[in-house]
>>> print(open('my_file.cif').read())   # mmCIF, C-alpha atoms and all ligand atoms
data_work
loop_
_atom_site.label_atom_id
_atom_site.label_comp_id
_atom_site.auth_asym_id
_atom_site.auth_seq_id
_atom_site.Cartn_x
_atom_site.Cartn_y
_atom_site.Cartn_z
CA MET W 1 76.89 107.45 94.62
CA ASP W 2 75.83 104.27 96.34
CA SER W 3 78.43 101.74 97.41
CA ASN W 4 81.80 102.43 98.95
CA ILE W 5 84.65 102.16 96.48
CA LEU W 6 87.27 102.45 99.23
CA GLU W 7 87.18 101.55 102.92
CA ILE W 8 90.14 102.22 105.15
CA LYS W 9 90.20 100.65 108.59
CA ASN W 10 92.68 101.39 111.37
CA LEU W 11 95.44 102.31 108.90
CA LYS W 12 98.85 102.83 110.50
CA VAL W 13 102.08 103.94 108.85
CA TYR W 14 105.13 104.22 111.10
CA PHE W 15 108.60 105.17 109.92
CA PRO W 16 111.53 103.95 112.02
CA VAL W 17 113.87 106.55 113.54
CA LYS W 18 117.46 105.32 113.58
CA GLY W 19 119.81 106.54 116.29
CA GLY W 20 123.62 106.71 116.15
CA LEU W 21 125.45 103.78 114.58
CA LEU W 22 122.97 101.15 115.71
CA PRO W 23 120.78 99.73 112.93
CA LYS W 24 117.96 99.24 115.42
CA ALA W 25 115.11 101.79 115.45
CA VAL W 26 115.11 104.01 118.53
CA GLY W 27 111.60 105.25 117.87
CA PHE W 28 108.90 105.65 115.23
CA VAL W 29 107.41 108.57 113.37
CA LYS W 30 103.71 107.78 113.65
CA ALA W 31 102.75 109.47 110.39
CA VAL W 32 99.35 107.78 110.16
CA ASP W 33 98.14 106.38 113.44
CA GLY W 34 94.93 104.43 113.11
CA ILE W 35 92.60 106.14 110.67
CA ASP W 36 89.23 105.03 109.33
CA LEU W 37 87.82 106.51 106.11
CA THR W 38 85.30 105.54 103.49
CA ILE W 39 84.90 106.95 100.00
CA LYS W 40 81.70 106.39 98.06
CA ARG W 41 81.76 105.61 94.38
CA GLY W 42 81.64 108.79 92.31
CA GLU W 43 82.23 111.24 95.16
CA THR W 44 85.13 113.49 96.11
CA LEU W 45 86.45 113.19 99.63
CA GLY W 46 88.61 116.15 100.65
CA LEU W 47 91.38 115.30 103.13
CA VAL W 48 92.79 118.39 104.79
CA GLY W 49 95.27 119.32 107.47
CA GLU W 50 98.53 121.17 107.99
CA SER W 51 101.74 120.05 106.38
CA GLY W 52 103.12 116.99 108.21
CA CYS W 53 99.73 115.74 109.48
CA GLY W 54 99.99 112.50 107.50
CA LYS W 55 97.56 113.19 104.65
CA SER W 56 100.04 112.59 101.80
CA THR W 57 101.36 109.48 103.54
CA THR W 58 97.76 108.24 103.72
CA GLY W 59 97.38 108.72 99.95
CA ARG W 60 100.58 106.83 99.20
CA ALA W 61 99.79 104.06 101.68
CA ILE W 62 96.42 103.47 99.96
CA LEU W 63 98.32 102.82 96.73
CA ARG W 64 101.02 100.87 98.58
CA LEU W 65 103.72 103.22 97.36
CA ILE W 66 104.51 103.19 101.09
CA GLU W 67 103.83 99.92 102.90
CA PRO W 68 101.47 100.42 105.85
CA ASN W 69 102.25 98.71 109.17
CA GLU W 70 98.70 97.79 110.04
CA GLY W 71 95.10 98.07 108.94
CA ASN W 72 92.90 97.27 105.96
CA VAL W 73 92.45 99.10 102.66
CA LEU W 74 89.47 97.63 100.84
CA PHE W 75 89.17 98.68 97.20
CA GLU W 76 85.87 97.42 95.80
CA GLY W 77 85.80 94.94 98.68
CA ILE W 78 89.33 93.55 98.09
CA ASP W 79 91.91 94.17 100.81
CA ILE W 80 94.83 95.46 98.78
CA LEU W 81 97.21 95.19 101.75
CA LYS W 82 96.85 91.43 101.59
CA LEU W 83 97.73 91.14 97.89
CA ASN W 84 101.11 90.13 96.53
CA LYS W 85 102.74 91.99 93.61
CA ILE W 86 100.93 89.96 90.95
CA GLY W 87 97.55 90.38 92.65
CA LEU W 88 98.15 94.10 93.02
CA LYS W 89 98.98 94.76 89.35
CA PRO W 90 95.43 94.87 87.90
CA LEU W 91 94.31 97.11 90.77
CA ARG W 92 97.13 99.59 90.13
CA LYS W 93 95.43 100.55 86.86
CA LYS W 94 92.21 101.33 88.68
CA MET W 95 93.89 103.68 91.17
CA GLN W 96 96.05 106.55 90.00
CA LEU W 97 97.94 109.37 91.71
CA ILE W 98 98.33 113.01 90.67
CA PHE W 99 101.14 114.91 92.39
CA GLN W 100 101.48 118.55 93.39
CA ASP W 101 104.45 119.22 91.11
CA PRO W 102 103.62 118.22 87.52
CA TYR W 103 107.12 119.15 86.31
CA ALA W 104 108.71 116.63 88.67
CA SER W 105 106.35 113.84 87.60
CA LEU W 106 107.06 114.23 83.85
CA ASN W 107 110.28 113.10 82.18
CA PRO W 108 111.87 116.32 80.81
CA ARG W 109 113.48 114.39 77.92
CA MET W 110 110.23 112.84 76.70
CA THR W 111 107.66 114.58 74.50
CA VAL W 112 104.13 114.58 75.84
CA GLY W 113 103.08 112.21 73.06
CA ASP W 114 105.81 109.72 74.03
CA ALA W 115 104.96 110.02 77.73
CA LEU W 116 101.31 109.15 77.07
CA ASN W 117 102.20 106.42 74.60
CA GLU W 118 104.58 104.87 77.14
CA VAL W 119 101.78 104.42 79.70
CA LEU W 120 99.54 102.77 77.11
CA TYR W 121 102.40 100.55 75.92
CA VAL W 122 103.39 99.42 79.42
CA HIS W 123 99.79 98.49 80.20
CA LYS W 124 99.36 96.79 76.78
CA LEU W 125 96.51 99.08 75.80
CA GLY W 126 96.19 98.87 72.01
CA ASN W 127 98.49 98.57 69.00
CA GLN W 128 100.60 101.42 67.65
CA ASN W 129 97.76 103.04 65.67
CA GLU W 130 95.26 102.67 68.48
CA ARG W 131 97.74 104.16 70.96
CA LYS W 132 98.34 107.16 68.67
CA LYS W 133 94.60 107.77 68.40
CA ARG W 134 94.20 107.41 72.15
CA THR W 135 97.00 109.90 72.99
CA ILE W 136 95.21 112.54 70.89
CA GLU W 137 91.91 111.67 72.56
CA LEU W 138 93.51 111.96 76.02
CA LEU W 139 94.97 115.39 75.24
CA GLU W 140 91.59 116.60 73.97
CA MET W 141 89.90 115.30 77.12
CA VAL W 142 92.05 117.67 79.20
CA GLY W 143 91.57 120.66 76.90
CA LEU W 144 94.79 120.38 74.84
CA THR W 145 95.16 119.65 71.12
CA LYS W 146 97.24 117.20 69.11
CA GLY W 147 99.64 120.06 68.25
CA TYR W 148 101.06 119.59 71.75
CA LEU W 149 102.06 115.94 71.20
CA SER W 150 105.61 116.74 70.05
CA ARG W 151 106.31 119.27 72.79
CA TYR W 152 108.48 118.76 75.89
CA PRO W 153 107.31 119.49 79.45
CA HIS W 154 109.36 122.72 79.70
CA GLU W 155 107.39 124.16 76.77
CA PHE W 156 104.15 124.07 78.80
CA SER W 157 102.80 126.41 81.47
CA GLY W 158 102.21 125.01 84.97
CA GLY W 159 98.49 124.58 84.33
CA GLN W 160 99.08 122.86 80.97
CA ARG W 161 101.60 120.50 82.58
CA GLN W 162 99.05 119.54 85.22
CA ARG W 163 96.57 118.85 82.37
CA VAL W 164 99.14 116.49 80.83
CA VAL W 165 99.61 114.72 84.18
CA ILE W 166 95.83 114.30 84.43
CA ALA W 167 95.74 112.91 80.86
CA ARG W 168 98.46 110.41 81.79
CA ALA W 169 96.49 109.30 84.86
CA LEU W 170 93.36 108.87 82.69
CA ALA W 171 95.21 106.75 80.11
CA VAL W 172 94.58 103.52 82.05
CA ASN W 173 90.86 104.22 82.69
CA PRO W 174 91.14 104.51 86.48
CA LYS W 175 88.19 104.46 88.85
CA LEU W 176 89.85 106.25 91.77
CA ILE W 177 92.32 109.12 91.52
CA ILE W 178 94.28 110.26 94.55
CA CYS W 179 95.02 113.92 93.98
CA ASP W 180 97.81 115.09 96.28
CA GLU W 181 97.76 118.90 96.40
CA PRO W 182 97.12 118.97 92.62
CA VAL W 183 96.65 122.74 92.38
CA SER W 184 98.77 124.07 95.26
CA ALA W 185 101.65 125.10 92.99
CA LEU W 186 99.40 126.98 90.54
CA ASP W 187 98.14 130.57 90.39
CA VAL W 188 94.65 131.04 91.81
CA SER W 189 93.00 131.63 88.39
CA ILE W 190 94.66 128.50 86.98
CA GLN W 191 93.66 126.52 90.10
CA ALA W 192 90.01 127.21 89.30
CA GLN W 193 90.45 126.02 85.69
CA ILE W 194 92.07 122.75 86.77
CA ILE W 195 89.43 122.14 89.44
CA ASN W 196 86.66 122.79 86.88
CA LEU W 197 88.34 120.37 84.48
CA MET W 198 88.59 117.72 87.21
CA GLU W 199 84.90 118.15 87.99
CA GLU W 200 83.92 117.77 84.33
CA LEU W 201 86.07 114.65 83.96
CA GLN W 202 84.57 113.21 87.14
CA LYS W 203 81.07 113.62 85.73
CA ASP W 204 81.93 112.27 82.27
CA LEU W 205 84.08 109.34 83.38
CA LYS W 206 82.36 108.58 86.71
CA LEU W 207 85.60 109.03 88.63
CA THR W 208 86.08 109.01 92.38
CA TYR W 209 88.60 111.41 93.93
CA LEU W 210 90.50 111.54 97.18
CA PHE W 211 91.51 115.20 97.09
CA ILE W 212 94.35 115.99 99.50
CA ALA W 213 95.04 119.65 100.31
CA HIS W 214 96.26 121.86 103.14
CA ASP W 215 93.84 124.60 102.15
CA LEU W 216 90.17 124.23 103.13
CA SER W 217 89.07 126.86 100.63
CA VAL W 218 90.39 124.66 97.78
CA VAL W 219 88.60 121.50 98.94
CA LYS W 220 85.41 123.45 99.54
CA HIS W 221 84.72 123.80 95.85
CA ILE W 222 85.32 120.24 94.74
CA SER W 223 84.48 118.00 97.73
CA ASP W 224 81.26 116.21 98.62
CA ARG W 225 82.60 115.29 102.05
CA VAL W 226 85.62 116.50 103.99
CA ALA W 227 87.85 114.75 106.56
CA VAL W 228 90.20 116.81 108.73
CA MET W 229 93.46 115.23 109.83
CA TYR W 230 95.73 116.24 112.70
CA LEU W 231 98.94 114.48 113.76
CA GLY W 232 98.14 111.15 112.16
CA ARG W 233 94.45 110.98 113.12
CA ILE W 234 91.11 112.02 111.59
CA VAL W 235 89.64 114.54 114.04
CA GLU W 236 86.45 115.43 112.18
CA ALA W 237 84.59 114.31 109.06
CA ALA W 238 81.27 115.42 107.58
CA GLY W 239 79.45 116.38 104.41
CA LYS W 240 80.90 119.57 102.95
CA GLU W 241 78.02 121.90 103.87
CA GLU W 242 77.76 120.47 107.37
CA LEU W 243 81.51 120.79 108.00
CA PHE W 244 81.72 124.36 106.73
CA ASP W 245 78.48 125.53 108.39
CA ASN W 246 78.76 123.62 111.63
CA PRO W 247 82.38 122.69 112.44
CA ARG W 248 82.53 120.99 115.84
CA HIS W 249 86.22 120.30 116.39
CA PRO W 250 88.33 123.25 117.60
CA TYR W 251 91.01 122.40 115.01
CA THR W 252 88.51 122.54 112.12
CA GLN W 253 87.14 125.79 113.58
CA ALA W 254 90.65 127.28 113.59
CA LEU W 255 91.36 126.19 110.00
CA LEU W 256 88.04 127.61 108.82
CA SER W 257 88.59 130.89 110.62
CA ALA W 258 91.74 131.42 108.55
CA ILE W 259 89.81 131.46 105.23
CA PRO W 260 89.36 135.06 104.07
CA VAL W 261 85.70 136.14 103.90
CA SER W 262 84.30 138.27 101.09
CA ASN W 263 81.76 140.03 103.34
CA PRO W 264 83.49 142.97 105.14
CA ASP W 265 80.68 143.04 107.80
CA SER W 266 81.29 139.42 108.76
CA LYS W 267 81.78 139.03 112.51
CA ARG W 268 83.81 135.86 112.17
CA GLN W 269 86.73 135.78 114.58
CA ARG W 270 90.10 134.44 113.55
CA ILE W 271 91.32 131.64 115.84
CA ILE W 272 95.09 131.70 115.87
CA LEU W 273 96.75 128.30 116.11
CA GLU W 274 99.65 128.81 118.49
CA GLY W 275 102.94 127.02 117.88
CA ASP W 276 103.77 124.20 115.52
CA MET W 277 102.32 120.75 115.30
CA PRO W 278 104.09 118.50 117.87
CA SER W 279 106.42 115.77 116.66
CA PRO W 280 104.69 112.61 115.45
CA VAL W 281 107.53 110.67 117.13
CA ASN W 282 106.15 111.63 120.53
CA PRO W 283 102.56 112.79 120.08
CA PRO W 284 101.06 114.47 123.16
CA GLY W 285 99.11 112.21 125.50
CA GLY W 286 95.35 112.57 125.84
CA CYS W 287 93.93 114.60 122.98
CA ARG W 288 96.76 115.17 120.50
CA PHE W 289 95.51 118.68 119.82
CA HIS W 290 95.47 119.82 123.47
CA THR W 291 98.81 121.68 123.25
CA ARG W 292 97.31 124.10 120.71
CA CYS W 293 93.61 124.00 121.49
CA HIS W 294 91.84 127.23 122.52
CA ARG W 295 89.18 125.19 124.38
CA ALA W 296 91.39 122.66 126.18
CA LYS W 297 90.52 121.68 129.77
CA ASP W 298 92.33 119.44 132.29
CA ILE W 299 90.80 116.25 130.97
CA CYS W 300 92.18 116.91 127.49
CA SER W 301 95.78 116.15 128.42
CA LYS W 302 94.80 113.03 130.36
CA SER W 303 92.22 111.24 128.31
CA GLU W 304 92.03 110.66 124.58
CA PRO W 305 88.61 111.59 123.15
CA GLU W 306 86.67 108.90 121.34
CA THR W 307 85.29 109.55 117.89
CA LYS W 308 81.63 110.47 118.37
CA MET W 309 78.95 109.97 115.73
CA LEU W 310 76.84 113.13 115.60
CA GLY W 311 74.39 111.85 112.99
CA GLY W 312 74.23 112.37 109.24
CA GLY W 313 77.74 110.98 108.86
CA HIS W 314 79.29 113.77 110.97
CA THR W 315 82.04 112.40 113.24
CA VAL W 316 84.24 114.29 115.67
CA ALA W 317 86.97 113.38 118.17
CA CYS W 318 86.66 115.96 120.96
CA HIS W 319 85.48 115.67 124.60
CA PHE W 320 83.37 118.80 124.26
CA ALA W 321 81.91 118.53 120.76
FE1 LIG O 1 90.42 120.68 122.41
FE2 LIG O 1 90.00 119.06 124.46
FE3 LIG O 1 88.48 118.87 122.31
FE4 LIG O 1 91.01 118.10 122.23
S1 LIG O 1 89.38 117.18 123.44
S2 LIG O 1 89.96 119.30 120.73
S3 LIG O 1 91.97 119.60 123.55
S4 LIG O 1 88.60 120.62 123.70
#
>>> encode(input="my_file.cif", output="structure tokens")
Amino acid sequence: MDSNILEIKNLKVYFPVKGGLLPKAVGFVKAVDGIDLTIKRGETLGLVGESGCGKSTTGRAILRLIEPNEGNVLFEGIDILKLNKIGLKPLRKKMQLIFQDPYASLNPRMTVGDALNEVLYVHKLGNQNERKKRTIELLEMVGLTKGYLSRYPHEFSGGQRQRVVIARALAVNPKLIICDEPVSALDVSIQAQIINLMEELQKDLKLTYLFIAHDLSVVKHISDRVAVMYLGRIVEAAGKEELFDNPRHPYTQALLSAIPVSNPDSKRQRIILEGDMPSPVNPPGGCRFHTRCHRAKDICSKSEPETKMLGGGHTVACHFA
């Protein structure tokens, strides 16, 4: 884990809001509003926040499935936002995406063998015999056997389908996998199996993960570092232990307080987040979290906090951290 595989600088993704019959935008949904992130080679960065905070948009913007409005996304030092379609093609193989809903990302009319073969064929990876061998190898890598090759997605359980989706992502030998809520739709016991599998694959294949989730308890297991996102901005980032033991942003503290504790004598107090996240069309002035913050003071609605470096890679955007 030495060099950065991915560096994101001041990334912005705005979606136009159309009003009435006029084609002109009357406003913008500021889904991602100036974020900086780095991911080291071989690590897992957890990106967490409530639904609608911009974390999935960030994942898609990194892969240019959504075109960002501004910023830099450096993959192994190359700014992928500056590349044209031809320049982007070889990098697409190195960065893959795993979705939350494996059923939606598999063609129901294609057997698993055909789905894997298709990826290899499109990327010109081997002749017919080599592709056949590789599809079996890919299934075995995710804990399935060649007996599954002729089966259709509906014949699999949710966990097995997610294994197939992981196999498909691995087919092109990626270096970075963006995992967007990959276990959220699965039962808790199956979640643990898929996370264990992802950890084993990471070790064996030296993969790097951006692991997007709304649930801090899920990222806790797999992440090396965690970044917390609120209303289009990163509000806190730190190594996993540091973030869980010493959260400094009131939003992170509230999210952590919602995780059930196994110790019945624990004195931890639940911090209730009042209300919903404000609209990203008109984010609150000052600190964006001030409308829901249990520690807000006058200054919070007037002045936007800068991101402070607390040492050891811990950053936080709060006036009182
Ligand atoms: Fe809360 Fe103020 Fe800190 Fe924002 S700056 S998180 S409102 S205390």
>>> residues_near_point(input="my_file.cif", point="(97.0, 112.9, 105.4)", cutoff="9 Å", atoms="all atoms listed in the file", output="number ranges by chain")
W: 31-32, 47-59, 212-213, 228-234
>>> closest_atom_pairs(input="my_file.cif", of="chain W", to="ligand LIG 1 (chain O)", cutoff="7 Å", atoms="only C-alpha atoms and all ligand atoms", output="tab-separated table")
residue	atom	partner	partner_atom	distance
W:His249	CA	O:LIG1	S2	5.8
W:Pro250	CA	O:LIG1	S2	5.3
W:Tyr251	CA	O:LIG1	S2	6.6
W:Cys287	CA	O:LIG1	FE4	4.6
W:Arg288	CA	O:LIG1	FE4	6.7
W:Phe289	CA	O:LIG1	FE4	5.1
W:His290	CA	O:LIG1	S3	3.5
W:Cys293	CA	O:LIG1	FE1	4.7
W:His294	CA	O:LIG1	FE1	6.7
W:Arg295	CA	O:LIG1	S4	4.7
W:Ala296	CA	O:LIG1	S3	4.1
W:Lys297	CA	O:LIG1	FE2	5.9
W:Cys300	CA	O:LIG1	FE2	4.3
W:Pro305	CA	O:LIG1	S1	5.7
W:Ala317	CA	O:LIG1	S1	6.9
W:Cys318	CA	O:LIG1	FE3	3.7
W:His319	CA	O:LIG1	S1	4.3
W:Phe320	CA	O:LIG1	FE3	5.5
W:Ala321	CA	O:LIG1	FE3	6.8
>>> atom_distance(input="my_file.cif", atom1="CA of Glu130 (chain W)", atom2="CA of Glu155 (chain W)")
26.0 Å
>>> residues_around(input="my_file.cif", residues="region 15-27 of chain W", least_positions_apart="5", cutoff="12 Å", atoms="only C-alpha atoms", output="short mmCIF file (atom, residue, chain, number, x, y, z; two decimals) with C-alpha atoms, keeping the file's coordinate frame")
data_model
loop_
_atom_site.label_atom_id
_atom_site.label_comp_id
_atom_site.auth_asym_id
_atom_site.auth_seq_id
_atom_site.Cartn_x
_atom_site.Cartn_y
_atom_site.Cartn_z
CA VAL W 32 99.35 107.78 110.16
CA ASP W 33 98.14 106.38 113.44
CA GLY W 54 99.99 112.50 107.50
CA THR W 57 101.36 109.48 103.54
CA ILE W 66 104.51 103.19 101.09
CA GLU W 67 103.83 99.92 102.90
CA PRO W 68 101.47 100.42 105.85
CA ASN W 69 102.25 98.71 109.17
CA SER W 279 106.42 115.77 116.66
CA PRO W 280 104.69 112.61 115.45
CA VAL W 281 107.53 110.67 117.13
CA ASN W 282 106.15 111.63 120.53
CA PRO W 283 102.56 112.79 120.08
#
>>> closest_atom_pairs(input="my_file.cif", of="region 131-203 of chain W", to="region 102-109 of chain W", cutoff="10 Å", atoms="all atoms listed in the file", output="JSON lines")
{"residue": "W:Tyr152", "atom": "CA", "partner": "W:Pro108", "partner_atom": "CA", "distance": 6.5}
{"residue": "W:Pro153", "atom": "CA", "partner": "W:Pro108", "partner_atom": "CA", "distance": 5.7}
{"residue": "W:His154", "atom": "CA", "partner": "W:Pro108", "partner_atom": "CA", "distance": 7.0}
{"residue": "W:Glu155", "atom": "CA", "partner": "W:Pro108", "partner_atom": "CA", "distance": 9.9}
{"residue": "W:Phe156", "atom": "CA", "partner": "W:Tyr103", "partner_atom": "CA", "distance": 9.5}
{"residue": "W:Ser157", "atom": "CA", "partner": "W:Tyr103", "partner_atom": "CA", "distance": 9.7}
{"residue": "W:Gly158", "atom": "CA", "partner": "W:Pro102", "partner_atom": "CA", "distance": 7.4}
{"residue": "W:Gly159", "atom": "CA", "partner": "W:Pro102", "partner_atom": "CA", "distance": 8.8}
{"residue": "W:Gln160", "atom": "CA", "partner": "W:Pro102", "partner_atom": "CA", "distance": 9.2}
{"residue": "W:Arg161", "atom": "CA", "partner": "W:Pro102", "partner_atom": "CA", "distance": 5.8}
{"residue": "W:Gln162", "atom": "CA", "partner": "W:Pro102", "partner_atom": "CA", "distance": 5.3}
{"residue": "W:Arg163", "atom": "CA", "partner": "W:Pro102", "partner_atom": "CA", "distance": 8.8}
{"residue": "W:Val164", "atom": "CA", "partner": "W:Pro102", "partner_atom": "CA", "distance": 8.2}
{"residue": "W:Val165", "atom": "CA", "partner": "W:Pro102", "partner_atom": "CA", "distance": 6.3}
{"residue": "W:Ile166", "atom": "CA", "partner": "W:Pro102", "partner_atom": "CA", "distance": 9.3}
{"residue": "W:Arg168", "atom": "CA", "partner": "W:Leu106", "partner_atom": "CA", "distance": 9.6}
{"residue": "W:Pro182", "atom": "CA", "partner": "W:Pro102", "partner_atom": "CA", "distance": 8.3}
{"residue": "W:Val183", "atom": "CA", "partner": "W:Pro102", "partner_atom": "CA", "distance": 9.6}
{"residue": "W:Ala185", "atom": "CA", "partner": "W:Pro102", "partner_atom": "CA", "distance": 9.0}
>>> atom_distance(input="my_file.cif", atom1="CA of Leu65 (chain W)", atom2="CA of Gly77 (chain W)")
19.8 Å
>>> residues_around(input="my_file.cif", residues="Ile272 (chain W)", least_positions_apart="2", cutoff="7 Å", atoms="only C-alpha atoms", output="PyMOL selection string")
chain W and resi 254+270+274
>>> write_last_selection(input="my_file.cif", atoms="C-alpha atoms", output="PDB file, in the coordinates of the input")
ATOM      1  CA  ALA W 254      90.650 127.280 113.590  1.00  0.00           C
ATOM      2  CA  ARG W 270      90.100 134.440 113.550  1.00  0.00           C
ATOM      3  CA  GLU W 274      99.650 128.810 118.490  1.00  0.00           C
TER       4      GLU W 274
END
>>> atom_distance(input="my_file.cif", atom1="CA of Val218 (chain W)", atom2="CA of Ile178 (chain W)")
15.3 Å
>>> closest_residue(input="my_file.cif", among="W:Gly34, W:Pro174, W:Gly147, W:Gly312", to="Pro90 (chain W)", atoms="all atoms listed in the file")
W:Pro174
>>> closest_residue(input="my_file.cif", among="W:Asp114, W:Val142, W:Val122, W:Ile39", to="Gly239 (chain W)", atoms="all atoms listed in the file")
W:Ile39
>>> residues_near_point(input="my_file.cif", point="(104.2, 116.8, 72.9)", cutoff="7 Å", atoms="only C-alpha atoms", output="ChimeraX atom specification")
/W:111-113,148-152
>>> closest_residue(input="my_file.cif", among="W:Leu207, W:Ile222, W:Ala171, W:Leu125", to="Ile194 (chain W)", atoms="all atoms listed in the file")
W:Ile222
>>> residues_around(input="my_file.cif", residues="Leu74 (chain W)", least_positions_apart="3", cutoff="10 Å", atoms="only C-alpha atoms", output="PyMOL selection string")
chain W and resi 4-9+38+62+71+77-82
